[in-house]
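Chemist: Here it is, the structure, as structure tokens.
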Amino acid sequence: MKDFALDRLVPAHVRAFEAYVPSPPDDVLCRRFGVPQLHRLNNNENPLGPPEAARAMMAAWKPEHAALYPQGDGWHLRRALGRQFDIDPEQLILGNGANEVIAFVIKAFCEPGDNIVTADRTFAVYEWLASFSGVEPKLVPLRDYAFDAAAMLEAIDDRTRVVFVCNPNNPTGTWWTHDELDAFMDAVDGRAIVVADEAYAEFAEDPAFPDSFALMQRHPNLIVFRTFSKMWGLAGLRIGWMAASPDVAATVKKTSISYSVNLLAMEAARAAVWDEAHVAATRAHMREARAGVAELAARLGLTMIGDVGNFCMLRLPVSDTVAHRRLMGRGVMARAMTSFRYPGWLRVSLGPAAAMAAFATALEEVLAEG
Amino acid sequence: MTLDPRAQLPPGPRHAGIGAGFVRDCAIAGGAEERLANRLALIAEEVLGAAPANAGLVGLALADRRHSMRLSVDFTASDLDLAGLDQSRRGDIEEGEEIGLYLAARLADRLTTEPLDRGGLRLSFDVGRAYPAMTPDAAPAGLGPISGPAADPDDATLALLVQWAEAAELGGPAFRTAPRVLDQRAQGDLFARVALDARRRPVGGLFWHPFGRRLMELAGPALLLPEGEARAAVAGALLDAALAGLVRKKIQGLVVLEPSPDMPRAGFETVGHLPSADGATWPVLFRALEEDPGGISWVPAVLKDWVTATTRRLALGRDIEEPARPKRATGAAMAAETDRARGRVTLRSLIAAGDAAEVAAGNVALFRDQGFSEIRALLDLGKPDQAAFAEGLVQAGLAPAALIPDAAGDLLLLAAAE
């Protein structure tokens, strides 16, 4: 080979992007931080795990099936979800986690030079996927911890293709009501696709939370994301899905990757649909754990926000990244929020009781160190 | 595709003049003043003339970096002896051809190396532009309190801020010579946030520039308002704006080597202390922008106790390992970045080899003899080879001063004040 000039082959928007580096596995972290075990309260997982039927399905699963390709587009799961929400299965698309569905949507509607509109302090993947696709992320500051509808409308221009609304928002837990989302869709007036990312929707107990599938009937430019990672305890299997009006779904299908969801994930998700007892038990756990964190926050004089989802945020009197390291040294992994543009805040998942107790003890010690 | 002029020439004296002429002509054509073009040409001539015969074709490329010009010299062959670049070898090489490499290193304001594919090496010689002396205008009386968030300023606003800061001697060396600051920013070597009053006049600014691979060094803030709440509000807004502009990018943390009294300290941790020539010390501040998932620190025995204790104090998750000696037996070299006005030199690893300790000690002695009063060295503990310099640095009187965290390789700052 004469001269391999890699830079010549890499688009500028990819060169400018820094690859995301996930944290190492627990055994490595434990060794580096000198702890025998690690309570993971950083990824908003469900401490109750998957519903009973999904567990049974996985226990009975035959390993020899691993040699087979899955069915390519989740035929049975889409029908199960369609029945649950009264939606034509052709309007549903599965992905290898909701992250992949975000990529499908950006690829379907955006080309370099276009932009997406979202908030500055929300789930980072909208911004990242846009950036390394050559699409400008226009980031609108949150207002009172919530998506600012008026400012987002103002940010939409003739190159805006997709508006991402994380509802409830990760990490603040704030959410738009059905009427607020409806009014926003009216104001967008078809100028852009609007994604309501409802990864945490099943945690919302307030009847004012949007029925987004119903709103799709009125607003064909609305796409709804859901995931099996949060409420359904299948984060390790990576499966998410989206629903859209027929023409929008047909467009996104062109950029979706068939066969990207594995067989076990599809079958476990299908078994999970739609276990109301599991939802009720998980919600009860979250109420109790959230009350525990609220009591801790009150005792330590910390501001706490977030009342929907399986997480909450605490404002610390010390650096969040320093607190993160010191908590790691005590076997507790929470999320430092500087990188979410919330310097000084810590997001903690509402995990198992033992983990929450370890977190409370460790946080008190860390704050006592000053 | 870059349009920087480039050439390839065989090593040795016969082509050195051709290379020098090429570099000089290209520099002049690119708008460099005579003095700058001549220095670059001399560097090219000395490097080509002293390049080992087995170097293969030597690549030359000239890049206009606005505030400086950069001559990059690419050696595609691996395992070359470029030890002559090290300034401490002056005494060894005065009779030999390596004097050329030594001269080239001294002619540059900054010399860095980076590996090329398949074992090659790129030497980058930066020579700064000269800016005409000017008397900066003083800030007008009656600047108002901050109005709106601090922002990335336009050129006119940034120039005004620097002039006013320079006239009042605020902010430190980064806030001097407005045309240079504008060029640094345009080149991507400096970033700024400026706070404005209701009449859109600058009332304060904060700068940052790259420090190592994944960190930024903060400079300032320069605050033009009198002491009081309004001044503190400007400092806070500047830092908030800087953080908002830096997160979710490749930057892992912010380091403050010379904290201004106006720098808000909340959120920063003290990762060490630097000595000054008058016997005082000041803190080195650090603020991580990303979670630190732990990493490996390659630490020589002579520094193990200090690094281990500091790693624990900072609650860093690190596998602390002792590195093997460099594979190469001899030919170690260090790069020196000098600031003669302040009597400061910072040494960095250039080429690691078995004689690294001697070379490190030699460098410290050289700059001590030249009257430098602040001698520092920066070692990347993520790179096992660099540890080889530590013993010589410590023997020569440098002591570990700060550990700047980066999971991909903590930076160990050693310092001695004479």
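Please note that chains go A, B, ... in the order of the structure tokens, that every chain numbers its residues from 1, and that ligands are numbered from 1 in the order shown.
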May I have the residues within 8 Å of B:Val73 as a short mmCIF file (atom, residue, chain, number, x, y, z; two decimals) with N, CA, C and O atoms, in the first residue's frame, using only C-alpha atoms and disregarding those fewer than 6 positions away in the same chain?

Modeler:
data_model
loop_
_atom_site.label_atom_id
_atom_site.label_comp_id
_atom_site.auth_asym_id
_atom_site.auth_seq_id
_atom_site.Cartn_x
_atom_site.Cartn_y
_atom_site.Cartn_z
N VAL B 58 12.29 12.11 3.26
CA VAL B 58 11.82 12.92 4.40
C VAL B 58 10.73 13.87 3.88
O VAL B 58 10.94 14.58 2.89
N GLY B 59 9.58 13.85 4.52
CA GLY B 59 8.47 14.72 4.09
C GLY B 59 8.53 16.06 4.78
O GLY B 59 8.75 16.14 5.99
N LEU B 60 8.33 17.12 4.01
CA LEU B 60 8.25 18.47 4.57
C LEU B 60 6.87 19.02 4.24
O LEU B 60 6.40 18.89 3.12
N ALA B 61 6.21 19.63 5.21
CA ALA B 61 4.92 20.29 4.93
C ALA B 61 4.86 21.56 5.76
O ALA B 61 5.28 21.58 6.92
N ARG B 122 6.53 12.04 13.17
CA ARG B 122 6.37 13.40 12.66
C ARG B 122 6.89 14.38 13.69
O ARG B 122 6.49 14.34 14.86
N LEU B 123 7.80 15.25 13.26
CA LEU B 123 8.27 16.34 14.11
C LEU B 123 7.56 17.61 13.64
O LEU B 123 7.56 17.89 12.44
N SER B 124 6.96 18.33 14.55
CA SER B 124 6.28 19.58 14.17
C SER B 124 6.98 20.74 14.87
O SER B 124 7.02 20.80 16.10
#

Chemist: From stretch 196-306 of chain A, collect each residue whose DSSP state is strand (DSSP E or B) and return the set as number ranges by chain.

Modeler: A: 196-197, 222-227, 240-243, 304-305

Chemist: With DSSP run on the backbone, what are the helix (DSSP H, G or I) residues within stretch 278-366 of chain A? I'd like them as a PyMOL selection string.

Modeler: chain A and resi 278-300+320-328+338-340+353-366

Chemist: Using only C-alpha atoms, please write the residues we just selected to a file, as a PDB file, in the first residue's frame.

Modeler:
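Saved to again01.pdb:
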ATOM      1  CA  HIS A 278     -45.642  -6.137  36.668  1.00  0.00           C
ATOM      2  CA  VAL A 279     -46.368  -2.481  35.927  1.00  0.00           C
ATOM      3  CA  ALA A 280     -48.175  -2.089  39.234  1.00  0.00           C
ATOM      4  CA  ALA A 281     -45.405  -3.785  41.214  1.00  0.00           C
ATOM      5  CA  THR A 282     -42.720  -1.705  39.547  1.00  0.00           C
ATOM      6  CA  ARG A 283     -44.612   1.522  40.154  1.00  0.00           C
ATOM      7  CA  ALA A 284     -45.045   0.593  43.813  1.00  0.00           C
ATOM      8  CA  HIS A 285     -41.302  -0.019  44.123  1.00  0.00           C
ATOM      9  CA  MET A 286     -40.545   3.337  42.527  1.00  0.00           C
ATOM     10  CA  ARG A 287     -42.894   5.191  44.868  1.00  0.00           C
ATOM     11  CA  GLU A 288     -41.224   3.651  47.898  1.00  0.00           C
ATOM     12  CA  ALA A 289     -37.670   4.167  46.649  1.00  0.00           C
ATOM     13  CA  ARG A 290     -38.393   7.746  45.591  1.00  0.00           C
ATOM     14  CA  ALA A 291     -39.801   8.491  49.027  1.00  0.00           C
ATOM     15  CA  GLY A 292     -36.608   7.129  50.535  1.00  0.00           C
ATOM     16  CA  VAL A 293     -34.432   9.395  48.388  1.00  0.00           C
ATOM     17  CA  ALA A 294     -36.701  12.355  49.213  1.00  0.00           C
ATOM     18  CA  GLU A 295     -36.226  11.655  52.906  1.00  0.00           C
ATOM     19  CA  LEU A 296     -32.447  11.433  52.401  1.00  0.00           C
ATOM     20  CA  ALA A 297     -32.440  14.685  50.407  1.00  0.00           C
ATOM     21  CA  ALA A 298     -34.398  16.456  53.113  1.00  0.00           C
ATOM     22  CA  ARG A 299     -32.036  15.183  55.800  1.00  0.00           C
ATOM     23  CA  LEU A 300     -28.960  16.318  53.834  1.00  0.00           C
ATOM     24  CA  ASP A 320     -20.740  15.740  40.805  1.00  0.00           C
ATOM     25  CA  THR A 321     -17.766  14.130  39.053  1.00  0.00           C
ATOM     26  CA  VAL A 322     -15.796  14.070  42.305  1.00  0.00           C
ATOM     27  CA  ALA A 323     -18.830  12.671  44.141  1.00  0.00           C
ATOM     28  CA  HIS A 324     -19.127  10.021  41.436  1.00  0.00           C
ATOM     29  CA  ARG A 325     -15.549   8.839  42.055  1.00  0.00           C
ATOM     30  CA  ARG A 326     -15.968   8.871  45.807  1.00  0.00           C
ATOM     31  CA  LEU A 327     -19.208   6.906  45.540  1.00  0.00           C
ATOM     32  CA  MET A 328     -17.460   4.418  43.274  1.00  0.00           C
ATOM     33  CA  THR A 338     -22.005  17.551  34.238  1.00  0.00           C
ATOM     34  CA  SER A 339     -22.061  15.780  30.889  1.00  0.00           C
ATOM     35  CA  PHE A 340     -25.860  16.244  30.780  1.00  0.00           C
ATOM     36  CA  ALA A 353     -33.576  -1.628  48.490  1.00  0.00           C
ATOM     37  CA  ALA A 354     -30.071  -2.787  49.418  1.00  0.00           C
ATOM     38  CA  ALA A 355     -28.534  -0.609  46.729  1.00  0.00           C
ATOM     39  CA  MET A 356     -30.571   2.410  47.819  1.00  0.00           C
ATOM     40  CA  ALA A 357     -29.439   1.900  51.405  1.00  0.00           C
ATOM     41  CA  ALA A 358     -25.812   1.643  50.273  1.00  0.00           C
ATOM     42  CA  PHE A 359     -26.271   4.811  48.251  1.00  0.00           C
ATOM     43  CA  ALA A 360     -27.698   6.703  51.214  1.00  0.00           C
ATOM     44  CA  THR A 361     -24.840   5.683  53.476  1.00  0.00           C
ATOM     45  CA  ALA A 362     -22.185   6.397  50.862  1.00  0.00           C
ATOM     46  CA  LEU A 363     -23.610   9.771  49.908  1.00  0.00           C
ATOM     47  CA  GLU A 364     -23.702  10.905  53.520  1.00  0.00           C
ATOM     48  CA  GLU A 365     -20.041   9.930  53.895  1.00  0.00           C
ATOM     49  CA  VAL A 366     -19.041  11.641  50.650  1.00  0.00           C
TER      50      VAL A 366
END

Chemist: Pick the closest to chain B from A:Asn169, A:Thr122, A:Thr160, A:Asn96: which is it, counting only C-alpha atoms?

Modeler: A:Thr122

Chemist: In Å, with one decimal, what is the gap from atom CA of B:Ala390 to atom CA of B:Thr308?

Modeler: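 Straight-line distance from atom CA of B:Ala390 to atom CA of B:Thr308 works out to 15.2 Å.
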
Chemist: Do a neighbour search on stretch 231-244 of chain A at 6 Å with only C-alpha atoms, toss out local chain neighbours closer than 4 positions, and write the hits as a VMD selection string.

Modeler: chain A and resid 46 49 to 50 91 to 98 223 to 227 248 to 249 265

Chemist: Go ahead and save the picked residues with N, CA and C atoms, as a short mmCIF file (atom, residue, chain, number, x, y, z; two decimals), in the first residue's frame.

Modeler:
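New file result.cif:
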data_model
loop_
_atom_site.label_atom_id
_atom_site.label_comp_id
_atom_site.auth_asym_id
_atom_site.auth_seq_id
_atom_site.Cartn_x
_atom_site.Cartn_y
_atom_site.Cartn_z
N ASN A 46 -34.62 -1.67 35.69
CA ASN A 46 -35.73 -2.06 36.57
C ASN A 46 -35.24 -3.10 37.58
N GLY A 49 -36.59 -6.62 37.44
CA GLY A 49 -36.29 -7.50 36.31
C GLY A 49 -37.47 -7.62 35.37
N PRO A 50 -37.46 -8.65 34.49
CA PRO A 50 -38.55 -8.80 33.52
C PRO A 50 -39.80 -9.40 34.18
N GLN A 91 -47.76 -0.20 11.24
CA GLN A 91 -47.32 1.11 11.73
C GLN A 91 -46.24 1.00 12.81
N LEU A 92 -45.84 -0.21 13.13
CA LEU A 92 -44.87 -0.43 14.21
C LEU A 92 -43.54 -0.94 13.64
N ILE A 93 -42.46 -0.42 14.17
CA ILE A 93 -41.12 -0.83 13.73
C ILE A 93 -40.28 -1.11 14.97
N LEU A 94 -39.59 -2.24 14.95
CA LEU A 94 -38.73 -2.61 16.08
C LEU A 94 -37.28 -2.18 15.82
N GLY A 95 -36.54 -2.02 16.91
CA GLY A 95 -35.12 -1.71 16.78
C GLY A 95 -34.32 -2.36 17.88
N ASN A 96 -33.04 -2.43 17.67
CA ASN A 96 -32.12 -3.00 18.66
C ASN A 96 -31.92 -1.96 19.77
N GLY A 97 -32.93 -1.82 20.58
CA GLY A 97 -32.98 -0.73 21.56
C GLY A 97 -33.55 0.50 20.88
N ALA A 98 -34.10 1.42 21.68
CA ALA A 98 -34.67 2.63 21.09
C ALA A 98 -33.59 3.46 20.39
N ILE A 223 -44.33 10.72 15.80
CA ILE A 223 -43.77 9.38 15.99
C ILE A 223 -43.64 9.14 17.49
N VAL A 224 -43.98 7.95 17.94
CA VAL A 224 -43.87 7.62 19.37
C VAL A 224 -42.84 6.51 19.55
N PHE A 225 -41.87 6.77 20.44
CA PHE A 225 -40.88 5.74 20.78
C PHE A 225 -41.26 5.08 22.09
N ARG A 226 -41.07 3.79 22.18
CA ARG A 226 -41.17 3.06 23.44
C ARG A 226 -39.99 2.09 23.53
N THR A 227 -39.80 1.56 24.70
CA THR A 227 -38.68 0.62 24.89
C THR A 227 -39.08 -0.50 25.85
N VAL A 248 -45.68 7.62 7.35
CA VAL A 248 -44.42 7.90 8.06
C VAL A 248 -43.72 6.57 8.38
N ALA A 249 -44.50 5.61 8.87
CA ALA A 249 -43.90 4.30 9.19
C ALA A 249 -43.31 3.67 7.94
N ALA A 265 -34.78 -11.58 22.36
CA ALA A 265 -35.37 -10.29 22.73
C ALA A 265 -36.82 -10.21 22.24
#

Chemist: If we count only C-alpha atoms, which residues of chain A reach to within 10 Å of chain B? Please list them as number ranges by chain.

Modeler: A: 3-5, 7-9, 16-25, 28-34, 120, 124, 127-128, 316-330, 334-344

Chemist: Residues near B:Phe389, anyone? I mean within 9 Å using only C-alpha atoms, not counting same-chain ones fewer than 3 positions away, as a PyMOL selection string.

Modeler: chain B and resi 332+334+349+352-353+355-361+379+385-386+392-394
